[in-house]
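Structure below is coords21.txt: compact mmCIF, C-alpha atoms.
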# COMPACT_ATOMS: atom_id res chain seq x y z
CA MET A 1 0.00 0.00 0.00
CA ARG A 2 1.42 3.32 -1.04
CA ALA A 3 2.07 5.87 1.66
CA ASP A 4 -0.17 8.93 1.93
CA GLU A 5 2.78 11.23 1.31
CA GLU A 6 3.63 9.45 -1.93
CA LEU A 7 0.03 9.73 -3.08
CA ALA A 8 -0.05 13.41 -2.19
CA TYR A 9 3.10 13.92 -4.22
CA GLY A 10 1.38 12.20 -7.11
CA VAL A 11 -1.59 14.53 -6.76
CA GLN A 12 0.82 17.48 -6.82
CA ARG A 13 1.99 16.21 -10.16
CA GLY A 14 -1.57 15.92 -11.41
CA SER A 15 -2.27 12.21 -10.97
CA LYS A 16 -6.00 11.53 -10.85
CA GLU A 17 -5.37 7.91 -9.86
CA ASP A 18 -3.52 9.00 -6.75
CA LEU A 19 -6.25 11.49 -5.92
CA THR A 20 -8.87 8.75 -6.19
CA VAL A 21 -6.91 6.48 -3.85
CA LEU A 22 -6.53 9.28 -1.30
CA VAL A 23 -10.21 10.11 -1.41
CA GLU A 24 -11.18 6.44 -1.06
CA ARG A 25 -8.81 6.09 1.83
CA TYR A 26 -9.91 9.14 3.81
CA TYR A 27 -13.47 9.94 2.87
CA GLN A 28 -15.05 7.54 5.37
CA PRO A 29 -12.69 8.27 8.30
CA LEU A 30 -13.16 12.00 7.77
CA LEU A 31 -16.91 11.57 7.60
CA ILE A 32 -16.95 9.60 10.84
CA TYR A 33 -14.80 12.19 12.58
CA LEU A 34 -16.77 15.18 11.40
CA TYR A 35 -20.09 13.43 11.99
CA ARG A 36 -19.17 12.86 15.60
CA MET A 37 -17.81 16.34 16.01
CA CYS A 38 -20.91 18.04 14.69
CA GLY A 39 -23.49 16.06 16.62
CA GLY A 40 -24.66 13.44 14.18
CA ASN A 41 -25.66 15.63 11.27
CA GLN A 42 -24.60 13.60 8.22
CA ALA A 43 -25.40 16.24 5.64
CA LEU A 44 -23.32 18.78 7.51
CA ALA A 45 -20.54 16.27 7.99
CA GLU A 46 -20.53 15.46 4.27
CA ASP A 47 -20.26 19.14 3.43
CA MET A 48 -17.38 19.45 5.84
CA VAL A 49 -15.64 16.44 4.31
CA GLN A 50 -15.94 18.04 0.91
CA GLU A 51 -14.66 21.37 2.22
CA THR A 52 -11.73 19.63 3.91
CA LEU A 53 -10.71 17.85 0.74
CA LEU A 54 -11.16 21.02 -1.31
CA ARG A 55 -8.84 22.91 1.00
CA VAL A 56 -6.33 20.12 0.67
CA MET A 57 -6.48 20.44 -3.11
CA ARG A 58 -6.08 24.19 -2.97
CA GLY A 59 -3.00 23.84 -0.80
CA ILE A 60 -1.55 20.73 -2.42
CA SER A 61 1.10 22.63 -4.37
CA LEU A 62 2.55 23.85 -1.08
CA TYR A 63 2.40 20.47 0.66
CA GLN A 64 5.82 19.15 1.65
CA ARG A 65 6.35 15.41 1.71
CA GLU A 66 8.23 15.55 5.01
CA ARG A 67 5.01 16.56 6.74
CA PRO A 68 2.66 13.66 7.58
CA PHE A 69 -0.33 13.93 5.30
CA LYS A 70 -2.80 12.53 7.83
CA THR A 71 -1.88 15.19 10.37
CA TRP A 72 -2.34 17.92 7.80
CA LEU A 73 -5.69 16.52 6.71
CA TYR A 74 -7.12 16.30 10.22
CA THR A 75 -5.79 19.76 11.06
CA ILE A 76 -7.80 21.18 8.20
CA ALA A 77 -10.88 19.18 9.19
CA THR A 78 -10.62 20.33 12.81
CA ASN A 79 -10.28 23.95 11.75
CA ILE A 80 -13.38 23.63 9.62
CA VAL A 81 -15.38 22.29 12.53
CA ARG A 82 -14.10 25.00 14.84
CA ASN A 83 -14.90 27.73 12.33
CA HIS A 84 -18.36 26.33 11.86
CA PHE A 85 -19.22 26.46 15.54
CA GLN A 86 -17.59 29.81 16.12
CA ARG A 87 -20.04 31.50 13.82
CA ALA A 88 -22.80 33.03 15.93
CA ASP A 89 -25.65 31.74 13.81
CA THR A 90 -24.54 28.13 13.98
CA ARG A 91 -24.21 27.60 17.70
CA TYR A 92 -24.50 23.90 18.31
CA THR A 93 -27.86 22.78 19.69
CA ASP A 94 -28.82 19.37 20.92
CA ASN A 95 -29.50 17.06 18.07
CA THR A 96 -33.07 15.83 18.22
CA TYR A 97 -34.22 12.39 17.21
CA GLU A 98 -35.77 13.79 14.01
CA GLU A 99 -32.48 15.43 12.95
CA MET A 100 -30.24 12.44 13.56
CA ASP A 101 -29.46 10.48 10.43
CA TYR A 102 -28.55 7.16 11.92
CA VAL A 103 -30.71 4.22 11.00
CA ASP A 104 -29.62 0.63 11.32
CA ASP A 105 -31.82 -1.44 9.03
CA ARG A 106 -30.57 -4.73 10.38
CA GLN A 107 -32.28 -4.30 13.76
CA GLN A 108 -35.86 -4.98 14.84
CA PRO A 109 -38.03 -1.88 15.39
CA GLU A 110 -37.91 -1.99 19.18
CA GLU A 111 -34.15 -2.55 19.04
CA THR A 112 -33.83 0.27 16.60
CA ILE A 113 -35.57 2.64 18.98
CA THR A 114 -33.38 1.53 21.86
CA THR A 115 -30.25 1.84 19.79
CA ILE A 116 -31.24 5.27 18.60
CA GLU A 117 -32.05 6.34 22.13
CA GLU A 118 -28.68 5.17 23.31
CA ALA A 119 -26.95 6.84 20.40
CA GLN A 120 -28.93 9.98 21.14
CA LEU A 121 -27.76 9.85 24.71
CA VAL A 122 -24.15 9.50 23.67
CA LEU A 123 -24.50 12.39 21.27
CA GLN A 124 -26.07 14.57 23.93
CA VAL A 125 -23.29 13.83 26.32
CA MET A 126 -20.58 14.32 23.72
CA THR A 127 -21.95 17.64 22.64
CA LYS A 128 -22.05 18.87 26.21
CA LEU A 129 -18.34 18.21 26.44
CA PRO A 130 -16.24 21.34 25.84
CA GLU A 131 -15.02 21.45 22.26
CA HIS A 132 -11.31 21.22 23.10
CA GLN A 133 -11.90 18.06 25.14
CA ARG A 134 -14.30 16.56 22.62
CA GLU A 135 -11.69 16.95 19.84
CA VAL A 136 -9.13 14.98 21.82
CA VAL A 137 -11.58 12.24 22.86
CA VAL A 138 -12.92 11.77 19.32
CA LEU A 139 -9.49 11.82 17.67
CA PHE A 140 -8.05 9.41 20.20
CA TYR A 141 -10.91 7.00 20.68
CA TYR A 142 -12.70 6.96 17.36
CA GLN A 143 -9.96 7.93 14.92
CA GLU A 144 -7.40 5.92 16.90
CA LEU A 145 -4.68 8.51 16.49
CA SER A 146 -1.71 8.64 18.81
CA GLN A 147 -1.38 11.39 21.37
CA GLN A 148 1.56 12.82 19.44
CA GLN A 149 -0.50 12.93 16.26
CA ILE A 150 -3.32 14.66 18.12
CA ALA A 151 -0.83 17.16 19.52
CA ASP A 152 0.41 17.91 15.99
CA ILE A 153 -3.12 18.30 14.64
CA LEU A 154 -4.33 20.57 17.40
CA HIS A 155 -1.00 22.41 17.80
CA ILE A 156 -0.85 21.74 21.50
CA PRO A 157 1.75 19.98 23.66
CA VAL A 158 1.41 16.24 24.22
CA GLY A 159 0.97 16.92 27.94
CA THR A 160 -2.10 19.01 27.16
CA VAL A 161 -3.49 16.17 25.05
CA LYS A 162 -3.07 13.78 27.96
CA SER A 163 -4.77 16.07 30.44
CA ARG A 164 -7.64 16.89 28.09
CA LEU A 165 -8.18 13.20 27.43
CA SER A 166 -8.35 12.37 31.12
CA ILE A 167 -10.48 15.36 32.03
CA GLY A 168 -12.77 14.81 29.03
CA LEU A 169 -13.34 11.16 29.91
CA ARG A 170 -14.02 12.00 33.56
CA ARG A 171 -16.55 14.58 32.52
CA LEU A 172 -18.22 12.09 30.19
CA ARG A 173 -18.40 9.58 32.99
CA ASP A 174 -19.94 12.12 35.34
CA MET A 175 -22.50 13.25 32.79
CA ILE A 176 -23.45 9.68 31.90
CA ASN A 177 -23.86 8.79 35.55
CA GLU A 178 -25.99 11.87 36.05
CA MET A 179 -28.20 11.02 33.11
CA GLU A 180 -28.56 7.40 34.09
CA ASN A 181 -29.46 8.41 37.63
CA SER A 182 -32.06 10.85 36.44
CA GLN A 183 -33.82 8.23 34.25
CA MET B 1 -13.38 -2.11 27.98
CA ASN B 2 -10.95 -0.62 25.56
CA ASP B 3 -7.50 -1.99 26.34
CA ARG B 4 -5.70 0.60 24.29
CA LEU B 5 -7.44 3.37 26.20
CA LYS B 6 -6.69 1.77 29.52
CA GLN B 7 -3.03 1.31 28.63
CA ILE B 8 -2.62 4.92 27.56
CA LEU B 9 -4.36 6.23 30.68
CA ILE B 10 -2.01 4.22 32.89
CA GLU B 11 0.98 5.53 30.90
CA ASN B 12 -0.41 9.02 31.37
CA GLY B 13 -0.24 8.57 35.12
CA GLU B 14 -3.72 7.39 36.04
CA THR B 15 -4.08 4.75 38.71
CA SER B 16 -5.08 1.32 37.52
CA GLU B 17 -8.54 1.60 39.05
CA GLU B 18 -9.21 5.01 37.54
CA ALA B 19 -7.88 3.89 34.15
CA GLU B 20 -10.18 0.88 34.26
CA SER B 21 -13.13 3.02 35.23
CA LEU B 22 -12.51 5.49 32.42
CA ALA B 23 -11.74 2.82 29.86
CA SER B 24 -15.03 1.11 30.64
CA LEU B 25 -16.71 4.13 29.08
CA SER B 26 -15.98 2.39 25.82
CA ARG B 27 -19.19 0.35 26.21
CA PHE B 28 -20.96 3.67 26.07
CA LEU B 29 -18.78 5.40 23.48
CA ASP B 30 -19.13 2.46 21.08
CA LYS B 31 -22.86 3.18 20.86
CA LEU B 32 -22.11 6.29 18.85
CA PRO B 33 -23.10 5.34 15.34
CA LYS B 34 -20.90 5.30 12.28
CA PRO B 35 -22.33 7.10 9.30
CA GLN B 36 -22.19 5.33 5.99
CA ALA B 37 -20.64 7.31 3.18
CA ARG B 38 -23.08 7.88 0.38
CA GLN B 39 -21.52 6.73 -2.87
CA LEU B 40 -23.14 9.51 -4.86
CA HIS B 41 -21.74 12.21 -2.62
CA ARG B 42 -18.31 10.61 -2.65
CA GLN B 43 -18.37 10.51 -6.44
CA LYS B 44 -19.47 14.14 -6.68
CA THR B 45 -16.71 15.12 -4.28
CA LEU B 46 -14.12 13.34 -6.38
CA GLU B 47 -15.35 15.08 -9.52
CA LEU B 48 -15.18 18.42 -7.78
CA LEU B 49 -11.66 17.76 -6.57
CA SER B 50 -10.50 16.63 -10.00
CA ALA B 51 -11.19 20.11 -11.33
CA TYR B 52 -8.54 21.38 -8.93
CA LEU B 53 -6.03 18.77 -9.95
CA PRO B 54 -2.75 20.36 -10.96
CA HIS B 55 -2.18 20.09 -14.63
CA GLU B 56 0.09 17.14 -15.34
CA LYS B 57 3.11 18.81 -16.76
CA SER B 58 4.95 17.50 -19.74
CA ARG B 59 8.64 16.81 -19.46
CA PHE B 60 9.36 20.03 -21.34
CA GLU B 61 7.19 22.08 -18.97
CA ARG B 62 8.92 20.59 -15.94
CA PHE B 63 12.27 21.25 -17.55
CA SER B 64 11.39 24.86 -18.38
CA GLU B 65 10.34 25.45 -14.76
CA TRP B 66 13.75 24.39 -13.49
CA TYR B 67 15.24 27.63 -12.12
CA PRO B 68 18.34 27.94 -14.38
CA VAL B 69 16.28 27.24 -17.48
CA ALA B 70 13.48 29.58 -16.38
CA LEU B 71 16.07 32.28 -15.75
CA LEU B 72 17.58 31.89 -19.21
CA PHE B 73 14.16 31.98 -20.88
CA SER B 74 13.25 35.11 -18.96
CA GLN B 75 16.39 36.90 -20.15
CA ILE B 76 15.95 36.13 -23.84
CA ARG B 77 13.32 38.85 -24.16
CA VAL B 78 15.60 41.37 -22.50
CA ILE B 79 18.50 40.99 -24.89
CA HIS B 80 18.19 43.23 -27.91
CA TYR B 81 16.90 41.14 -30.78
CA GLU B 82 19.40 42.84 -33.09
CA ILE B 83 22.17 40.92 -31.35
CA TRP B 84 20.69 37.59 -32.43
CA LEU B 85 20.03 38.73 -35.98
CA ALA B 86 23.37 40.44 -36.50
CA SER B 87 25.32 37.51 -35.06
CA ALA B 88 23.50 35.01 -37.22
CA PHE B 89 23.88 37.19 -40.33
CA VAL B 90 27.55 37.96 -39.96
CA LEU B 91 28.55 34.39 -39.10
CA SER B 92 26.49 33.00 -41.96
CA MET B 93 28.09 35.42 -44.37
CA GLY B 94 31.51 34.56 -42.99
CA MET B 95 30.83 30.88 -43.46
CA ILE B 96 29.66 31.35 -47.04
CA VAL B 97 32.66 33.48 -47.97
CA THR B 98 35.00 30.95 -46.36
CA LEU B 99 33.35 28.19 -48.36
CA PHE B 100 34.05 29.93 -51.63
CA THR B 101 37.47 31.30 -50.81
CA SER B 102 38.77 28.47 -48.59
CA ASN B 103 40.22 31.18 -46.40
CA LEU B 104 39.74 29.80 -42.91
CA LEU B 105 41.24 32.89 -41.39
CA LEU B 106 38.10 34.83 -42.20
CA PHE B 107 35.81 32.50 -40.27
CA SER B 108 38.29 32.20 -37.40
CA ALA B 109 38.48 35.96 -37.21
CA LEU B 110 34.76 36.61 -37.48
CA ALA B 111 33.49 34.28 -34.76
CA PRO B 112 35.36 35.93 -31.85
CA MET B 113 34.55 39.39 -33.16
CA VAL B 114 30.84 38.84 -33.46
CA THR B 115 30.63 37.28 -30.01
CA ALA B 116 32.65 40.04 -28.40
CA VAL B 117 30.42 42.73 -29.90
CA GLY B 118 27.31 40.86 -28.77
CA VAL B 119 28.67 40.61 -25.24
CA ALA B 120 29.65 44.29 -25.28
CA LEU B 121 26.06 45.18 -26.05
CA LEU B 122 24.78 43.34 -23.00
CA TYR B 123 25.66 46.00 -20.48
CA ASP B 124 24.40 49.34 -21.68
CA HIS B 125 22.22 51.97 -20.05
CA ASP B 126 18.96 50.22 -20.98
CA ILE B 127 20.13 47.00 -19.44
CA VAL B 128 21.24 48.80 -16.29
CA GLN B 129 17.69 50.11 -15.85
CA MET B 130 16.21 46.69 -16.43
CA LEU B 131 18.54 45.25 -13.84
CA GLU B 132 17.12 47.69 -11.33
CA ILE B 133 13.63 46.44 -12.05
CA GLU B 134 14.56 42.81 -12.03
CA GLU B 135 16.37 43.08 -8.75
CA THR B 136 12.97 43.32 -7.11
CA THR B 137 12.59 39.64 -7.93
CA ARG B 138 15.50 39.00 -5.60
CA THR B 139 17.68 37.58 -8.30
CA SER B 140 21.10 39.16 -8.00
CA SER B 141 22.31 41.31 -10.84
CA ARG B 142 25.35 39.07 -11.22
CA VAL B 143 23.13 36.07 -11.82
CA LEU B 144 21.07 38.03 -14.34
CA LEU B 145 24.16 39.17 -16.19
CA LEU B 146 25.60 35.69 -16.13
CA ALA B 147 22.37 34.38 -17.63
CA ARG B 148 22.61 36.93 -20.43
CA LEU B 149 26.27 36.19 -21.03
CA THR B 150 25.45 32.52 -21.22
CA LEU B 151 22.74 33.19 -23.76
CA VAL B 152 24.79 35.42 -26.06
CA PHE B 153 27.99 33.43 -25.81
CA GLY B 154 26.09 30.16 -26.11
CA PHE B 155 24.20 31.40 -29.15
CA ASN B 156 27.34 32.50 -30.95
CA LEU B 157 29.19 29.39 -29.87
CA THR B 158 26.43 27.25 -31.33
CA LEU B 159 26.39 29.20 -34.59
CA ALA B 160 30.16 29.00 -34.89
CA LEU B 161 30.09 25.26 -34.18
CA ILE B 162 27.41 24.69 -36.79
CA GLY B 163 29.33 26.80 -39.28
CA SER B 164 32.53 24.89 -38.57
CA ILE B 165 30.77 21.55 -39.02
CA ILE B 166 29.25 22.68 -42.31
CA LEU B 167 32.64 23.88 -43.53
CA ALA B 168 34.33 20.64 -42.51
CA VAL B 169 31.62 18.56 -44.17
CA ILE B 170 31.57 20.46 -47.43
CA ARG B 171 35.30 21.06 -47.72
CA SER B 172 37.04 17.83 -46.90
CA GLU B 173 40.42 19.51 -46.63
CA ILE B 174 39.21 21.41 -43.58
CA SER B 175 39.73 19.65 -40.25
CA LEU B 176 37.00 20.31 -37.75
CA LEU B 177 38.87 20.31 -34.46
CA PRO B 178 41.72 22.62 -35.47
CA LEU B 179 39.15 24.99 -36.97
CA ILE B 180 37.15 25.07 -33.75
CA MET B 181 40.28 25.58 -31.67
CA SER B 182 41.33 28.47 -33.89
CA TRP B 183 38.33 30.58 -32.84
CA LEU B 184 37.24 29.19 -29.49
CA ALA B 185 40.07 30.51 -27.34
CA PRO B 186 40.09 34.01 -28.87
CA MET B 187 36.29 34.07 -28.64
CA THR B 188 36.42 33.36 -24.91
CA PHE B 189 39.16 35.90 -24.29
CA LEU B 190 37.61 38.70 -26.33
CA SER B 191 34.16 38.09 -24.83
CA GLY B 192 35.57 38.27 -21.30
CA LEU B 193 37.49 41.43 -22.16
CA ALA B 194 34.46 43.01 -23.86
CA PHE B 195 32.27 42.23 -20.89
CA LEU B 196 34.70 43.71 -18.38
CA CYS B 197 35.13 46.83 -20.50
CA SER B 198 31.39 47.26 -20.90
CA VAL B 199 30.93 47.05 -17.13
CA LEU B 200 33.72 49.54 -16.48
CA LEU B 201 32.86 51.98 -19.27
CA VAL B 202 29.07 51.38 -19.51
CA ASP B 203 29.43 52.41 -23.13
CA THR B 204 28.74 49.75 -25.71
CA LEU B 205 30.17 51.76 -28.59
CA ALA B 206 33.48 52.35 -26.89
CA THR B 207 33.66 48.77 -25.70
CA SER B 208 32.84 47.33 -29.11
CA ALA B 209 35.30 49.62 -30.81
CA PHE B 210 38.07 48.81 -28.37
CA THR B 211 37.56 45.07 -28.62
CA LEU B 212 37.35 45.12 -32.40
CA LEU B 213 40.42 47.30 -32.64
CA LEU B 214 42.38 44.98 -30.41
CA TRP B 215 41.42 41.99 -32.49
CA MET B 216 42.14 43.74 -35.78
CA VAL B 217 45.53 44.86 -34.57
CA HIS B 218 46.31 41.30 -33.55
CA LEU B 219 45.24 39.83 -36.90
CA ILE B 220 47.09 42.40 -38.96
CA LEU B 221 50.27 42.53 -36.96
CA LYS B 222 50.65 38.79 -36.40
CA SER B 223 50.83 38.28 -40.15
CA GLN B 224 53.62 40.82 -40.36
CA ALA B 225 56.97 39.34 -39.55
CA SER B 226 58.77 42.04 -37.65
CA SER B 227 61.73 42.31 -35.41
CA ASN B 228 60.31 45.41 -33.75
CA ASN B 229 59.50 44.55 -30.16
CA LEU B 230 56.64 47.02 -29.89
CA ILE B 231 54.92 45.68 -32.93
CA HIS B 232 55.53 42.17 -31.69
CA LEU B 233 53.96 43.09 -28.37
CA LEU B 234 51.00 44.84 -29.93
CA SER B 235 50.34 41.79 -32.07
CA MET B 236 49.59 39.86 -28.89
CA PRO B 237 51.31 36.77 -30.24
CA GLY B 238 49.87 34.44 -27.66
CA LEU B 239 46.27 35.18 -28.51
CA SER B 240 45.90 32.69 -31.34
CA ASP B 241 48.96 30.60 -30.60
CA MET B 242 48.02 26.92 -30.26
CA THR B 243 50.11 26.28 -27.18
CA ASN B 244 48.59 29.22 -25.30
CA ARG B 245 44.98 28.32 -25.89
CA PRO B 246 44.21 26.91 -22.43
CA LEU B 247 45.74 30.01 -20.85
CA VAL B 248 43.80 32.27 -23.20
CA VAL B 249 40.53 30.51 -22.31
CA LEU B 250 41.26 30.77 -18.59
CA THR B 251 42.10 34.44 -18.97
CA GLY B 252 38.80 34.98 -20.73
CA ILE B 253 36.92 33.27 -17.94
CA LEU B 254 38.81 35.28 -15.34
CA LEU B 255 37.98 38.54 -17.09
CA THR B 256 34.31 37.53 -17.10
CA VAL B 257 34.34 36.71 -13.41
CA VAL B 258 35.98 40.05 -12.62
CA GLY B 259 33.38 41.79 -14.77
CA LEU B 260 30.57 40.09 -12.89
CA TRP B 261 32.10 41.01 -9.57
CA VAL B 262 32.52 44.65 -10.57
CA ALA B 263 28.97 44.76 -11.92
CA GLY B 264 27.65 43.44 -8.62
CA LEU B 265 29.71 45.99 -6.70
CA GLN B 266 28.34 48.80 -8.83
CA ARG B 267 24.74 47.67 -8.21
CA THR B 268 25.39 47.45 -4.49
CA GLN B 269 26.88 50.93 -4.40
CA GLN B 270 24.02 52.37 -6.41
CA SER B 271 21.37 50.81 -4.25
CA ALA B 272 23.10 51.86 -1.00

Show the structure stored in the file as structure tokens.
Amino acid sequence: MRADEELAYGVQRGSKEDLTVLVERYYQPLLIYLYRMCGGNQALAEDMVQETLLRVMRGISLYQRERPFKTWLYTIATNIVRNHFQRADTRYTDNTYEEMDYVDDRQQPEETITTIEEAQLVLQVMTKLPEHQREVVVLFYYQELSQQQIADILHIPVGTVKSRLSIGLRRLRDMINEMENSQ
Amino acid sequence: MNDRLKQILIENGETSEEAESLASLSRFLDKLPKPQARQLHRQKTLELLSAYLPHEKSRFERFSEWYPVALLFSQIRVIHYEIWLASAFVLSMGMIVTLFTSNLLLFSALAPMVTAVGVALLYDHDIVQMLEIEETTRTSSRVLLLARLTLVFGFNLTLALIGSIILAVIRSEISLLPLIMSWLAPMTFLSGLAFLCSVLLVDTLATSAFTLLLWMVHLILKSQASSNNLIHLLSMPGLSDMTNRPLVVLTGILLTVVGLWVAGLQRTQQSA
């Protein structure tokens, strides 16, 4: 399997084949990341994926092979999410059942409702987490990036990544316990 | 429980119990659904991105973007077009006359002269002004001048080589290598001298005249056998002497380097 950096170099030289491989490789992971960062809105996440990849293409001539491509890609994606939620008219609100796009056709109706309720709960809790902690938790747990990679993406020290991960998980635990107790 | 998470939390300094407690959140975190990428959207994205794909450059395009080549191409437009035309015309005429008269001396004399005059024309008042403009691109004036020298000298060198080859092919009694050697060393020397003079005098007419005069004096006097030391000296006997050719070439290169250095000094003083 060709390395990301080699593919990016190919894209710099105008190779459509290399571009296709890169898109195939990162479309789904980016979608998952952005979907979880923006509260389960698939349409929004898809737009963000497209915007991320477009920004990559616009900057591809300046990309240097020594820089890990994955880090660069997720940095752009994270900036897009941050910019989206910083705009006053797009303050994140709790995602309602009607807005969430998840449907698992394999499950029975009652299981589907339970699964959706659980997913809804997770989303609620995740969105209540401060953005800087949510980024670290999502990148570490769901994207399975290393702490060093996360530090490079977010431009923070590794120590800060570690503390945000711990604090973020503790907060999640507390919120989940609170919600479970209230039900 | 997520073992990876637990391991990292322990490495981060959490106690084993706390790490286990936090890692057990995975049973909850795993409930977060994974969206499925819609093939249509992925395809549309790829099409959109393809429009931004850098144009796949041909080998020639990549070559012409290489800095030294790009620099040379950029300087072609700056050099007076009359230099190219005049050089080509005079050398062609010289070659034709040599063909009919079998007088190799004519061609050997013309090639250095034409090149020296072309080089002398490189550094005049117009060029000085253009150098001032082009220095805003952060390319040093020395590099710009060197590029122009390379172009003019290279152009005349190529023409003279082609002319020599044609002469050698058509007239079998003419040997190619001795013919080339007869003009190459004087061409290098006179070009270096003309360039240095043009930088010092900033007067193409004076420089051209001086260089031509020097060469004419050499050609005329060397054919005159004389015991007069002054005349012998003025004839510059070493200039076209076979044994001195490496020294003559080196001298020409040295004169060029000095000219470039002086030109750079002048630009620095003017901009200070």

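Distance annotation: of A:Val21, A:Leu172, A:Leu7, A:Val49, the residue with the minimal separation from A:Leu34 is A:Val49; atom set is all atoms listed in the file.
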
Query raised in the report: Near chain B, which residues of chain A fall within 8 Å when you count only C-alpha atoms, and what do they look like as number ranges by chain?
Result: A: 11-16, 19-20, 23, 27-28, 31-32, 35-36, 42, 46, 50, 53-54, 57-58, 61, 101-102, 115, 118-119, 122-123, 141, 162, 166, 169-170, 173

Requested in this report: Would you mind reading off the distance between atom CA of B:Ser172 and atom CA of B:Asn156, one decimal, in Å?
Outcome: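 These two atoms are separated by 23.7 Å.
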
Query - Test item: residues at most 9 Å from A:Lys70, only C-alpha atoms, excluding those fewer than 3 positions along its chain, as JSON, numbers by chain - result: {"A": [4, 5, 26, 67, 73, 74, 75, 149, 153]}

Requested in this report: Find the spatial neighbours of A:Leu165, counting only C-alpha atoms, within a cut-off of 9 Å - ignore same-chain residues fewer than 5 positions away - and output them as a PyMOL selection string.
Outcome: (chain A and resi 133-134+136-137+140+160+170) or (chain B and resi 9)

Query - All residues 7 Å or closer to stretch 100-114 of chain B, all atoms listed in the file, same chain fewer than 3 positions away omitted, as a ChimeraX atom specification - result: /B:87,91,94-97,117-118,160,182-183,186-187,190,212

Query raised in the report: So how far away is atom CA of B:Ser92 from atom CA of B:Ser175, in Å?
Result: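 Straight-line distance from atom CA of B:Ser175 to atom CA of B:Ser92 works out to 18.9 Å.
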
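Taking atom CA of A:Gln148 and atom CA of A:Val161 as endpoints, the distance between them is 8.3 Å.
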